[in-house]
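Asks: Contents of my_file.csv (CSV, C-alpha atoms) are below:
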chain,number,residue,atom,x,y,z
B,1,MET,CA,87.2,42.3,46.7
B,2,SER,CA,89.3,42.9,49.8
B,3,THR,CA,87.7,43.3,53.2
B,4,ALA,CA,88.6,47.0,53.3
B,5,LEU,CA,86.9,47.7,49.9
B,6,ARG,CA,83.9,45.7,50.9
B,7,ARG,CA,83.5,47.8,54.0
B,8,LEU,CA,83.4,50.9,51.9
B,9,ALA,CA,80.9,49.5,49.4
B,10,PRO,CA,77.6,51.3,49.4
B,11,ALA,CA,74.7,49.5,51.0
B,12,GLY,CA,71.2,49.4,49.6
B,13,PRO,CA,67.9,49.5,51.5
B,14,GLU,CA,67.5,46.7,54.1
B,15,ALA,CA,64.5,45.3,52.3
B,16,THR,CA,66.5,44.9,49.2
B,17,LEU,CA,69.2,43.1,51.1
B,18,ALA,CA,66.6,40.8,52.6
B,19,ALA,CA,65.1,40.1,49.2
B,20,ARG,CA,68.5,39.3,47.7
B,21,TRP,CA,69.3,37.0,50.6
B,22,ALA,CA,66.0,35.2,50.1
B,23,ALA,CA,66.8,34.7,46.4
B,24,GLY,CA,70.2,33.2,46.9
B,25,PHE,CA,73.6,33.9,45.6
B,26,ARG,CA,75.6,32.2,42.9
B,27,GLY,CA,78.8,30.7,44.3
B,28,PRO,CA,80.2,31.0,47.9
B,29,LEU,CA,80.3,34.1,50.0
B,30,ARG,CA,83.1,35.0,52.4
B,31,LEU,CA,82.7,35.5,56.1
B,32,GLU,CA,84.6,38.4,57.8
B,33,ASP,CA,86.6,35.8,59.6
B,34,GLY,CA,87.9,34.4,56.3
B,35,ARG,CA,85.8,31.2,56.0
B,36,ALA,CA,83.9,30.4,52.9
B,37,LEU,CA,80.1,30.5,53.3
B,38,LYS,CA,77.7,28.5,51.2
B,39,VAL,CA,74.0,29.1,51.6
B,40,VAL,CA,72.3,25.7,51.5
B,41,PHE,CA,68.9,27.1,52.5
B,42,PRO,CA,68.4,30.8,53.2
B,43,GLY,CA,65.6,30.2,55.7
B,44,VAL,CA,62.0,31.3,55.9
B,45,PRO,CA,61.2,35.0,56.2
B,46,GLY,CA,60.3,35.8,59.8
B,47,GLY,CA,57.5,38.1,58.9
B,48,GLY,CA,57.3,40.0,62.3
B,49,ALA,CA,59.2,40.4,65.5
B,50,GLY,CA,62.4,38.4,65.8
B,51,PRO,CA,65.0,37.4,63.2
B,52,ASP,CA,64.6,38.3,59.5
B,53,PHE,CA,64.9,34.6,58.5
B,54,THR,CA,64.4,31.4,60.5
B,55,GLY,CA,65.6,27.9,59.9
B,56,ALA,CA,68.5,28.7,57.6
B,57,ILE,CA,71.0,26.0,56.7
B,58,LEU,CA,74.6,27.3,56.1
B,59,ASP,CA,78.0,25.7,55.4
B,60,ALA,CA,80.6,27.9,57.0
B,61,GLY,CA,84.0,26.5,56.0
B,62,GLY,CA,82.8,23.0,56.5
B,63,ASP,CA,80.8,23.7,59.7
B,64,LEU,CA,77.1,23.1,59.2
B,65,LEU,CA,75.1,25.9,60.9
B,66,ARG,CA,71.3,25.7,61.4
B,67,GLY,CA,69.4,28.7,62.8
B,68,ASP,CA,68.3,32.2,62.2
B,69,VAL,CA,69.7,35.0,60.0
B,70,GLU,CA,69.5,38.7,60.8
B,71,ILE,CA,69.9,41.3,58.1
B,72,HIS,CA,71.1,44.9,58.6
B,73,LEU,CA,72.5,47.7,56.4
B,74,LEU,CA,75.3,48.3,58.9
B,75,ALA,CA,76.8,45.8,61.3
B,76,SER,CA,76.3,48.4,64.0
B,77,GLY,CA,72.5,48.0,63.5
B,78,TRP,CA,72.7,44.9,65.7
B,79,ARG,CA,73.4,46.8,68.9
B,80,ALA,CA,71.5,49.9,67.8
B,81,HIS,CA,68.3,47.7,67.5
B,82,GLY,CA,68.9,46.0,70.9
B,83,HIS,CA,69.5,42.6,69.4
B,84,HIS,CA,72.4,41.9,71.6
B,85,VAL,CA,70.1,41.6,74.6
B,86,ASP,CA,67.0,40.3,72.8
B,87,PRO,CA,66.1,36.7,73.7
B,88,ALA,CA,64.4,36.3,70.3
B,89,CYS,CA,67.8,36.6,68.7
B,90,ALA,CA,69.4,33.8,70.7
B,91,GLY,CA,69.1,31.5,67.7
B,92,VAL,CA,70.8,33.8,65.2
B,93,VAL,CA,73.8,32.0,63.6
B,94,LEU,CA,74.6,34.6,60.9
B,95,HIS,CA,74.6,38.4,60.7
B,96,ALA,CA,74.3,39.4,57.1
B,97,VAL,CA,75.1,43.1,56.4
B,98,GLY,CA,75.5,45.5,53.6
B,99,ARG,CA,78.5,47.1,55.2
B,100,ASN,CA,80.7,46.2,58.2
B,101,ASP,CA,81.1,49.7,59.8
B,102,GLY,CA,83.1,48.3,62.7
B,103,GLU,CA,86.3,46.5,63.3
B,104,SER,CA,84.9,43.2,64.6
B,105,ILE,CA,84.8,40.1,62.5
B,106,ALA,CA,81.9,38.7,64.5
B,107,THR,CA,78.8,40.1,66.3
B,108,PRO,CA,78.6,39.5,70.0
B,109,HIS,CA,75.3,38.3,71.6
B,110,GLY,CA,74.4,38.8,75.2
B,111,SER,CA,74.7,35.1,75.8
B,112,GLY,CA,78.4,35.2,75.1
B,113,ARG,CA,78.2,33.7,71.6
B,114,SER,CA,80.0,35.3,68.7
B,115,ILE,CA,77.9,35.4,65.5
B,116,PRO,CA,79.8,35.4,62.2
B,117,ILE,CA,79.3,38.4,59.9
B,118,VAL,CA,79.0,38.2,56.1
B,119,VAL,CA,79.1,41.3,54.0
B,120,LEU,CA,76.7,40.7,51.1
B,121,PRO,CA,78.2,41.5,47.7
B,122,SER,CA,76.8,44.2,45.6
B,123,ALA,CA,74.5,43.4,42.8
B,124,VAL,CA,77.4,44.0,40.4
B,125,GLU,CA,79.6,41.5,42.1
B,126,GLY,CA,77.1,38.6,42.2
B,127,GLN,CA,73.6,38.8,40.8
B,128,PRO,CA,71.0,36.7,42.6
B,129,SER,CA,70.6,33.4,40.8
B,130,PHE,CA,67.2,32.4,39.5
B,131,PRO,CA,65.8,30.0,40.3
B,132,PRO,CA,67.4,30.0,43.8
B,133,PRO,CA,70.3,27.5,44.2
B,134,PHE,CA,68.3,25.5,46.7
B,135,THR,CA,64.8,24.2,46.2
B,136,PRO,CA,63.2,22.7,49.3
B,137,PRO,CA,62.6,18.9,49.0
B,138,CYS,CA,58.9,19.4,49.8
B,139,ALA,CA,58.6,21.7,46.7
B,140,LEU,CA,60.3,19.0,44.5
B,141,GLU,CA,57.9,16.3,45.9
B,142,ALA,CA,54.9,18.5,45.2
B,143,ALA,CA,56.1,19.1,41.7
B,144,ARG,CA,56.4,15.4,41.2
B,145,GLY,CA,52.7,15.1,42.1
B,146,ARG,CA,53.0,13.8,45.6
B,147,ALA,CA,49.9,14.6,47.6
B,148,CYS,CA,50.6,16.6,50.7
B,149,ARG,CA,47.0,16.7,52.1
B,150,GLU,CA,47.2,13.5,54.2
B,151,PRO,CA,50.5,14.2,56.0
B,152,LEU,CA,49.3,17.8,56.6
B,153,GLU,CA,46.0,16.6,58.1
B,154,ARG,CA,47.9,14.2,60.4
B,155,LEU,CA,50.0,17.2,61.6
B,156,GLY,CA,46.8,19.3,61.9
B,157,LEU,CA,45.2,16.6,64.2
B,158,ARG,CA,48.4,16.5,66.2
B,159,ARG,CA,48.2,20.2,66.7
B,160,LEU,CA,44.6,19.9,67.8
B,161,ARG,CA,45.7,17.5,70.5
B,162,MET,CA,48.5,19.9,71.5
B,163,LYS,CA,46.0,22.7,71.9
B,164,ALA,CA,43.7,20.4,74.0
B,165,ALA,CA,46.7,19.6,76.3
B,166,ALA,CA,47.4,23.3,76.7
B,167,ALA,CA,43.7,23.9,77.5
B,168,LEU,CA,43.5,21.1,80.0
B,169,PRO,CA,44.9,23.1,83.0
B,170,LEU,CA,42.3,25.8,82.4
B,171,VAL,CA,39.5,23.2,82.1
B,172,ARG,CA,40.6,21.7,85.4
B,173,ALA,CA,41.0,25.0,87.2
B,174,ALA,CA,37.6,26.3,86.2
B,175,ALA,CA,35.0,24.5,84.2
B,176,PRO,CA,34.6,23.7,80.5
B,177,ALA,CA,32.3,26.6,79.9
B,178,GLN,CA,34.6,29.1,81.6
B,179,ALA,CA,37.5,27.7,79.7
B,180,LEU,CA,35.6,28.1,76.4
B,181,TYR,CA,34.7,31.6,77.4
B,182,ALA,CA,38.3,32.6,78.4
B,183,LEU,CA,39.9,31.1,75.3
B,184,THR,CA,37.3,32.8,73.0
B,185,LEU,CA,38.1,36.1,74.6
B,186,GLU,CA,41.8,35.5,74.3
B,187,ILE,CA,41.5,34.7,70.6
B,188,SER,CA,39.2,37.7,70.1
B,189,GLY,CA,42.0,40.0,71.3
B,190,GLY,CA,44.1,39.1,68.2
B,191,PRO,CA,47.9,39.3,68.3
B,192,ALA,CA,47.9,42.9,69.6
B,193,ASN,CA,45.6,42.4,72.6
B,194,ARG,CA,45.7,38.7,73.4
B,195,ALA,CA,47.0,39.1,77.0
B,196,PRO,CA,44.6,41.9,78.1
B,197,PHE,CA,41.6,40.1,76.6
B,198,ALA,CA,42.7,36.9,78.5
B,199,SER,CA,42.7,38.9,81.7
B,200,LEU,CA,39.3,40.1,80.9
B,201,ALA,CA,37.9,36.6,81.4
B,202,ARG,CA,39.2,36.7,85.0
B,203,ARG,CA,38.0,40.2,85.6
B,204,LEU,CA,34.5,39.4,84.3
B,205,PRO,CA,33.8,35.6,84.6
B,206,LEU,CA,31.2,33.9,82.5
B,207,ALA,CA,28.8,33.5,85.4
B,208,ALA,CA,28.9,37.2,86.2
B,209,LEU,CA,28.4,38.1,82.6
B,210,LEU,CA,25.3,35.9,82.3
B,211,GLU,CA,23.9,37.2,85.6
B,212,ARG,CA,24.4,40.9,84.6
B,213,SER,CA,22.8,40.4,81.2
B,214,ALA,CA,19.7,38.5,82.4
B,215,GLY,CA,16.3,40.1,82.1
B,216,SER,CA,17.4,43.1,80.1
B,217,PRO,CA,14.9,44.6,77.6
B,218,PHE,CA,17.7,45.2,75.1
B,219,PRO,CA,19.2,42.6,72.8
B,220,ARG,CA,21.4,40.1,74.7
B,221,ARG,CA,24.5,40.6,72.6
B,222,THR,CA,24.2,44.4,73.0
B,223,VAL,CA,24.1,44.1,76.8
B,224,MET,CA,26.9,41.6,76.9
B,225,ALA,CA,29.1,43.8,74.7
B,226,ALA,CA,28.5,46.8,77.0
B,227,GLU,CA,29.4,44.7,80.0
B,228,LEU,CA,32.6,43.5,78.3
B,229,ARG,CA,33.6,47.0,77.3
B,230,GLY,CA,32.9,48.3,80.8
B,231,ALA,CA,35.1,45.5,82.3
B,232,ALA,CA,37.8,46.3,79.7
B,233,ALA,CA,37.8,50.0,80.3
B,234,GLN,CA,40.7,49.9,82.8
B,235,LEU,CA,42.8,47.4,80.8
B,236,ILE,CA,45.7,48.6,78.8
B,237,VAL,CA,44.9,47.6,75.2
B,238,ARG,CA,46.4,48.7,71.9
B,239,ARG,CA,44.1,50.8,69.8
B,240,ALA,CA,46.4,52.9,67.6
B,241,GLY,CA,47.1,51.8,64.1
B,242,MET,CA,44.4,49.2,64.0
B,243,ARG,CA,41.8,48.8,61.3
B,244,PRO,CA,38.2,49.7,62.5
B,245,MET,CA,37.1,46.1,62.0
B,246,ALA,CA,40.0,44.9,64.2
B,247,SER,CA,39.5,47.5,67.0
B,248,PRO,CA,39.1,46.2,70.6
B,249,ALA,CA,35.5,47.5,70.7
B,250,ARG,CA,34.6,45.7,67.5
B,251,ARG,CA,36.3,42.5,68.7
B,252,LEU,CA,34.5,42.6,72.0
B,253,GLU,CA,31.2,43.0,70.1
B,254,SER,CA,32.0,40.0,68.0
B,255,ALA,CA,32.8,37.9,71.1
B,256,ALA,CA,29.6,39.1,72.8
B,257,SER,CA,27.6,38.0,69.8
B,258,LEU,CA,29.1,34.5,70.1
B,259,PHE,CA,28.4,34.3,73.8
B,260,ALA,CA,24.8,35.4,73.3
B,261,SER,CA,24.3,32.6,70.8
B,262,TRP,CA,25.9,30.0,73.0
B,263,TRP,CA,24.2,31.1,76.3
B,264,PRO,CA,20.8,32.6,75.4
B,265,GLU,CA,18.4,33.9,78.1
B,266,GLY,CA,17.8,31.3,80.8
B,267,GLU,CA,20.9,29.2,79.8
B,268,VAL,CA,23.0,28.1,82.8
B,269,PRO,CA,26.8,28.8,82.7
B,270,GLY,CA,27.6,25.2,81.6
B,271,TRP,CA,28.7,23.7,78.3
B,272,PRO,CA,26.4,25.3,75.7
B,273,SER,CA,23.5,23.2,74.5
B,274,SER,CA,23.9,24.8,71.1
B,275,LEU,CA,27.3,23.1,70.8
B,276,PRO,CA,26.5,19.4,70.7
B,277,ALA,CA,29.2,16.9,69.7
B,278,GLY,CA,30.3,17.6,66.2
B,279,ALA,CA,28.7,21.0,65.8
B,280,ALA,CA,30.2,23.3,63.2
B,281,PRO,CA,29.9,27.1,63.0
B,282,PRO,CA,26.2,27.9,62.5
B,283,ARG,CA,24.8,29.2,59.2
B,284,PRO,CA,24.1,32.1,59.1
B,285,LEU,CA,26.7,33.2,61.6
B,286,PRO,CA,25.7,35.5,64.5
B,287,ALA,CA,25.7,39.2,63.9
B,288,CYS,CA,29.2,40.8,63.8
B,289,VAL,CA,30.9,37.4,63.5
B,290,GLY,CA,32.8,36.9,60.3
B,291,ARG,CA,33.6,33.6,58.7
B,292,ALA,CA,37.3,33.8,59.5
B,293,VAL,CA,36.6,34.7,63.2
B,294,ALA,CA,34.2,31.8,63.5
B,295,ILE,CA,36.7,29.3,62.1
B,296,GLU,CA,39.5,30.6,64.3
B,297,THR,CA,37.2,30.3,67.3
B,298,TRP,CA,36.3,26.7,66.6
B,299,VAL,CA,39.9,25.7,65.9
B,300,ASN,CA,41.5,27.5,68.8
B,301,ALA,CA,38.7,27.4,71.5
B,302,VAL,CA,35.7,25.2,70.8
B,303,LEU,CA,37.5,22.1,69.6
B,304,PRO,CA,40.5,22.2,72.1
B,305,VAL,CA,38.1,22.7,75.1
B,306,ALA,CA,35.6,20.1,73.9
B,307,LEU,CA,38.4,17.6,73.5
B,308,ALA,CA,40.2,18.4,76.8
B,309,SER,CA,37.0,18.4,78.8
B,310,GLY,CA,35.5,15.3,77.2
B,311,ALA,CA,32.4,17.3,76.2
B,312,TRP,CA,32.9,15.8,72.7
B,313,PRO,CA,34.5,12.5,71.8
B,314,GLU,CA,37.9,12.8,70.1
B,315,ARG,CA,36.5,11.4,66.8
B,316,ALA,CA,33.9,14.2,66.7
B,317,CYS,CA,36.5,16.9,67.3
B,318,GLU,CA,38.8,15.5,64.5
B,319,SER,CA,35.8,15.2,62.1
B,320,VAL,CA,34.9,18.9,62.5
B,321,LEU,CA,38.5,20.0,62.1
B,322,LEU,CA,38.9,17.9,58.9
B,323,THR,CA,35.7,19.4,57.4
B,324,LEU,CA,36.2,23.0,58.4
B,325,PRO,CA,37.4,25.3,55.6
B,326,PRO,CA,40.5,27.3,56.2
B,327,PRO,CA,40.1,30.9,57.4
B,328,GLY,CA,42.8,32.0,55.0
B,329,THR,CA,46.6,31.5,54.7
B,330,TYR,CA,48.7,33.1,57.4
B,331,GLY,CA,51.4,35.5,56.2
B,332,LYS,CA,54.2,33.3,57.6
B,333,LEU,CA,53.0,30.4,55.6
B,334,LYS,CA,53.2,32.1,52.3
B,335,PRO,CA,56.6,30.7,51.4
B,336,LEU,CA,55.4,27.2,52.3
B,337,ALA,CA,52.2,27.7,50.3
B,338,GLY,CA,54.3,28.7,47.3
B,339,TRP,CA,56.4,25.5,47.6
B,340,LEU,CA,53.5,23.1,48.1
B,341,GLY,CA,50.9,24.7,45.8
B,342,THR,CA,50.4,23.5,42.3
B,343,ALA,CA,48.3,24.7,39.4
B,344,ASN,CA,45.6,22.1,40.2
B,345,ALA,CA,45.6,22.1,44.0
B,346,ARG,CA,45.8,24.5,46.9
B,347,PRO,CA,48.2,23.4,49.7
B,348,PHE,CA,45.8,24.2,52.5
B,349,PRO,CA,42.2,23.3,51.4
B,350,SER,CA,41.0,22.8,55.0
B,351,ALA,CA,41.5,24.1,58.5
B,352,ALA,CA,43.2,20.8,59.4
B,353,THR,CA,45.8,21.1,56.6
B,354,LEU,CA,46.4,24.8,57.5
B,355,GLN,CA,47.0,23.8,61.1
B,356,GLY,CA,49.3,21.1,59.8
B,357,GLY,CA,51.2,23.7,57.9
B,358,LEU,CA,51.6,25.8,61.0
B,359,LEU,CA,53.0,22.8,62.9
B,360,LEU,CA,55.3,22.0,60.0
B,361,HIS,CA,56.5,25.6,59.9
B,362,ALA,CA,57.2,25.7,63.6
B,363,ASP,CA,58.8,22.3,64.0
B,364,TYR,CA,60.8,22.0,60.7
B,365,CYS,CA,60.9,25.1,58.5
B,366,THR,CA,62.0,27.4,61.3
B,367,LYS,CA,64.2,24.9,63.2
B,368,GLY,CA,66.7,24.2,60.5
B,369,GLN,CA,65.1,20.9,59.7
B,370,CYS,CA,64.4,21.5,56.1
B,371,GLY,CA,64.5,18.2,54.2
B,372,ARG,CA,63.5,16.1,57.3
B,373,CYS,CA,59.8,16.9,57.4
B,374,PRO,CA,57.0,14.4,56.4
B,375,LEU,CA,56.6,16.2,53.1
B,376,SER,CA,60.2,15.8,52.0
B,377,GLY,CA,60.1,12.2,50.8
Output the structure of this file as C-alpha cells.
Replies:
Amino acid sequence: MSTALRRLAPAGPEATLAARWAAGFRGPLRLEDGRALKVVFPGVPGGGAGPDFTGAILDAGGDLLRGDVEIHLLASGWRAHGHHVDPACAGVVLHAVGRNDGESIATPHGSGRSIPIVVLPSAVEGQPSFPPPFTPPCALEAARGRACREPLERLGLRRLRMKAAAALPLVRAAAPAQALYALTLEISGGPANRAPFASLARRLPLAALLERSAGSPFPRRTVMAAELRGAAAQLIVRRAGMRPMASPARRLESAASLFASWWPEGEVPGWPSSLPAGAAPPRPLPACVGRAVAIETWVNAVLPVALASGAWPERACESVLLTLPPPGTYGKLKPLAGWLGTANARPFPSAATLQGGLLLHADYCTKGQCGRCPLSG
C-alpha cells in the first residue's frame, strides 16, 4: 500500500494497536522513511507512565535499534501528549501509529533526535502471527526444563545489597532506628504518596513520635496513628481514586501498628529488640497490617537497613529474604512470569526470586538486552 493510502487508512483504538504490536507481525513493516522494519522483539509493556513498550529490539534497514516504542492512533498524538519534552520518552526509538496525519517521516524529540515512524498495517493487510515471531530465549530455556530459581535468587540477593547501599546514607545521617522508621513510612505511602510520606518522617521523627505516644491510656497504635495523621494534615497527598484500603489514612494506621509493635511502651528509640537478627514478620501480624504489606516492609526497609547498619549479619539478611514468600507478582512482571512459568512451577516462589525478577526486568528486559540475561542460556 502506498504511503498516501496508508495515511488515509482508518485507525483502531490505541489499545488494539498496542495489543497487535505486542503480538507481532508476519513479515517486515515499512518505515515512513522507506526503510524495511523487522521486529526482532516487540519489547515489554510499560504498564504505567512512560513509553508503551520498553526494551524493544528492531532491525531498521540493517540498523539494529534497541529501546522503547510509543504507540499512538495518530502521529500528532506525540506532541499532543507532551512526549516531545518528556524525559521519560528519551529512550524511544520507534513511533508506531495507526495513521500518519502529518507530513513528517520522523517524529522529533526535544533532545534533537528524529524518531522513525511506522504506520501499522490494518488487520486485513497483515494479521498478527500466533505464536509471535520472536520467543524470548528465557522462555525457550524454561520450556526445556532449565531451573530459573537459582539465578533469580542470586539477582534477588544482589538487589538486596543495592537497597542496602541506597539506605546507607540515611543510616549514617540519622540512626538505624530512624532510617527504619523513615523507609517504612516511605513504603507505606505506596506509589501515589511515596514522597509526602517520606517527608513525614522528617516532620515527625521517631523520637518525637515515641515521646508523644508515651503514657497514654489509649492503645499505643491508635495514639501513634493519630499523631501521624496530624503531622500529615498539611502535606499534599493523593486521595482521589484510591481504594479505601489504600487510602493515606489507612496506610498510616498500618504503619502505626508496625511502629507500636517494634517500639512498645518504654522502648528507647533504638533498633527494636523485637527485630533480632534473622527475624521474619511475626505471626499473627499486628492489627491492620496485611501479609503483602509486611513482606514489602521487610524486603524494602527492615532487611536493607539491618544490612546497611550492621544490625544483622549479611548471612541473616540473605536467609530471611530467601525464605520469605512473595507478596504477589507485580503487574510489570506479568510478561516475564508468563515466559518463565511452567505447568509445574511458579517463576517467583519466594521474595528473593521476585526481587530477582524485578532486577532482571530493569537491567535486561527494558534495556534492549533480551537474550543476554542469566536466564537465556
Asks: Restricting the calculation to all atoms listed in the file: of B:Arg146, B:Thr16, B:Gly331, B:Lys367, which residue gets closest to Val93 of chain B?
Replies: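 Selected residue with least distance to Val93 of chain B: B:Lys367.
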Asks: Rank nothing, just name the residue among B:Pro169, B:Gly310, B:Pro51, B:Gly62 nearest to Leu37 of chain B, using all atoms listed in the file.
Replies: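 When distances to Leu37 of chain B are compared using all atoms listed in the file, the smallest one comes from B:Gly62.
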Asks: Dump as JSON lines the rows for residues of segment 54-85 of chain B within 12 Å of segment 18-25 of chain B: closest atom pair and distance in Å with one decimal, only C-alpha atoms counted, ordered by chain and rising residue number.
Replies:
{"residue": "B:Thr54", "atom": "CA", "partner": "B:Ala22", "partner_atom": "CA", "distance": 11.2}
{"residue": "B:Ala56", "atom": "CA", "partner": "B:Ala22", "partner_atom": "CA", "distance": 10.2}
{"residue": "B:Leu58", "atom": "CA", "partner": "B:Gly24", "partner_atom": "CA", "distance": 11.8}
{"residue": "B:Val69", "atom": "CA", "partner": "B:Trp21", "partner_atom": "CA", "distance": 9.6}
{"residue": "B:Glu70", "atom": "CA", "partner": "B:Ala18", "partner_atom": "CA", "distance": 8.9}
{"residue": "B:Ile71", "atom": "CA", "partner": "B:Ala18", "partner_atom": "CA", "distance": 6.4}
{"residue": "B:His72", "atom": "CA", "partner": "B:Ala18", "partner_atom": "CA", "distance": 8.5}
{"residue": "B:Leu73", "atom": "CA", "partner": "B:Ala18", "partner_atom": "CA", "distance": 9.8}
Asks: Between B:Ala277, B:Ala232, B:Ser104, B:Phe53, which one has atoms that come closest to Cys89 of chain B, using all atoms listed in the file?
Replies: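 Distance minimum relative to Cys89 of chain B lands on B:Phe53.
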Asks: Taking 2 positions as the minimum chain separation for residues in the same chain, which residues sit within 10 Å of Asp33 of chain B when counting only C-alpha atoms? Answer as a list in words.
Replies: Thr3, Arg30, Leu31, Arg35, Ala36, Ser104, Ile105, Ala106, Pro116, Ile117 and Val118 of chain B
Asks: Residues of segment 247-281 of chain B that approach segment 200-204 of chain B to 12 Å or less, counting only C-alpha atoms: could you list each one with the shortest pair of atoms and its distance in Å to one decimal, rows by chain and increasing residue number, as a tab-separated table?
Replies:
residue	atom	partner	partner_atom	distance
B:Pro248	CA	B:Leu200	CA	12.0
B:Leu252	CA	B:Leu200	CA	10.4
B:Ala255	CA	B:Ala201	CA	11.6
Asks: Which neighbours of Ala214 of chain B fall inside 12 Å, counting all atoms listed in the file, when residues of the same chain fewer than 3 positions from it are skipped, and could you give them as number ranges by chain?
Replies: B: 207-211, 217-224, 227, 260, 263-268
Asks: Mind pulling up the distance from atom CA of Gln234 of chain B to atom CA of Val299 of chain B?
Replies: 29.5 Å
Asks: Between B:Lys38, B:His95, B:Arg161, B:Arg144, which is the closest to Ala306 of chain B once you count all atoms listed in the file?
Replies: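 Residue with the minimum atom-to-atom distance to Ala306 of chain B: B:Arg161.
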Asks: From the set B:Leu168, B:Leu29, B:Ala195, B:Ala60, which residue has the shortest atom-to-atom contact distance to Leu120 of chain B, counting only C-alpha atoms?
Replies: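 With only C-alpha atoms as the atom set, the closest residue is B:Leu29.
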Asks: Measure the distance from atom CA of Leu358 of chain B to atom CA of Val305 of chain B in Å and round it to one decimal.
Replies: 19.8 Å
Asks: For atom CA of Ile187 of chain B and atom CA of Ala294 of chain B, quote the distance in Å rounded to one decimal.
Replies: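 For atom CA of Ile187 of chain B relative to atom CA of Ala294 of chain B, the distance reads 10.6 Å.
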Asks: Taking all atoms listed in the file into account, name the residue in B:His83, B:Gly67, B:Gly156, B:Ala164 that is nearest to Leu180 of chain B.
Replies: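 Closest to Leu180 of chain B of all the choices is B:Ala164.
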Asks: Just want the 12 Å neighbourhood of Arg158 of chain B, counted on all atoms listed in the file, with same-chain residues fewer than 5 positions away dropped. Output as a PyMOL selection string.
Replies: chain B and resi 151-153+163-165+304+314+317-318+321+352-353+355-360
Asks: Once N, CA and C atoms are restored for segment 142-156 of chain B, what would the output be as a PDB file, in the frame of the given file?
Replies:
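Result went into result13.pdb, see below:
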ATOM      1  N   ALA B 142      56.184  18.010  45.695  1.00  0.00           N
ATOM      2  CA  ALA B 142      54.900  18.500  45.200  1.00  0.00           C
ATOM      3  C   ALA B 142      54.888  18.616  43.695  1.00  0.00           C
ATOM      4  N   ALA B 143      56.019  19.041  43.124  1.00  0.00           N
ATOM      5  CA  ALA B 143      56.100  19.100  41.700  1.00  0.00           C
ATOM      6  C   ALA B 143      56.016  17.778  40.999  1.00  0.00           C
ATOM      7  N   ARG B 144      56.456  16.739  41.709  1.00  0.00           N
ATOM      8  CA  ARG B 144      56.400  15.400  41.200  1.00  0.00           C
ATOM      9  C   ARG B 144      54.977  14.801  41.305  1.00  0.00           C
ATOM     10  N   GLY B 145      54.086  15.519  41.958  1.00  0.00           N
ATOM     11  CA  GLY B 145      52.700  15.100  42.100  1.00  0.00           C
ATOM     12  C   GLY B 145      52.393  14.381  43.396  1.00  0.00           C
ATOM     13  N   ARG B 146      53.314  14.417  44.352  1.00  0.00           N
ATOM     14  CA  ARG B 146      53.000  13.800  45.600  1.00  0.00           C
ATOM     15  C   ARG B 146      51.988  14.593  46.394  1.00  0.00           C
ATOM     16  N   ALA B 147      50.955  13.936  46.862  1.00  0.00           N
ATOM     17  CA  ALA B 147      49.900  14.600  47.600  1.00  0.00           C
ATOM     18  C   ALA B 147      50.375  14.966  49.000  1.00  0.00           C
ATOM     19  N   CYS B 148      50.139  16.191  49.398  1.00  0.00           N
ATOM     20  CA  CYS B 148      50.600  16.600  50.700  1.00  0.00           C
ATOM     21  C   CYS B 148      49.405  16.717  51.708  1.00  0.00           C
ATOM     22  N   ARG B 149      48.177  16.473  51.238  1.00  0.00           N
ATOM     23  CA  ARG B 149      47.000  16.700  52.100  1.00  0.00           C
ATOM     24  C   ARG B 149      47.034  15.731  53.304  1.00  0.00           C
ATOM     25  N   GLU B 150      47.275  14.443  53.068  1.00  0.00           N
ATOM     26  CA  GLU B 150      47.200  13.500  54.200  1.00  0.00           C
ATOM     27  C   GLU B 150      48.220  13.746  55.259  1.00  0.00           C
ATOM     28  N   PRO B 151      49.514  13.945  54.929  1.00  0.00           N
ATOM     29  CA  PRO B 151      50.500  14.200  56.000  1.00  0.00           C
ATOM     30  C   PRO B 151      50.154  15.568  56.715  1.00  0.00           C
ATOM     31  N   LEU B 152      49.655  16.563  55.985  1.00  0.00           N
ATOM     32  CA  LEU B 152      49.300  17.800  56.600  1.00  0.00           C
ATOM     33  C   LEU B 152      48.104  17.648  57.561  1.00  0.00           C
ATOM     34  N   GLU B 153      47.142  16.819  57.159  1.00  0.00           N
ATOM     35  CA  GLU B 153      46.000  16.600  58.100  1.00  0.00           C
ATOM     36  C   GLU B 153      46.460  15.845  59.320  1.00  0.00           C
ATOM     37  N   ARG B 154      47.394  14.904  59.194  1.00  0.00           N
ATOM     38  CA  ARG B 154      47.900  14.200  60.400  1.00  0.00           C
ATOM     39  C   ARG B 154      48.573  15.228  61.338  1.00  0.00           C
ATOM     40  N   LEU B 155      49.354  16.138  60.753  1.00  0.00           N
ATOM     41  CA  LEU B 155      50.000  17.200  61.600  1.00  0.00           C
ATOM     42  C   LEU B 155      48.949  18.095  62.184  1.00  0.00           C
ATOM     43  N   GLY B 156      47.889  18.398  61.427  1.00  0.00           N
ATOM     44  CA  GLY B 156      46.800  19.300  61.900  1.00  0.00           C
ATOM     45  C   GLY B 156      46.111  18.623  63.128  1.00  0.00           C
TER      46      GLY B 156
END
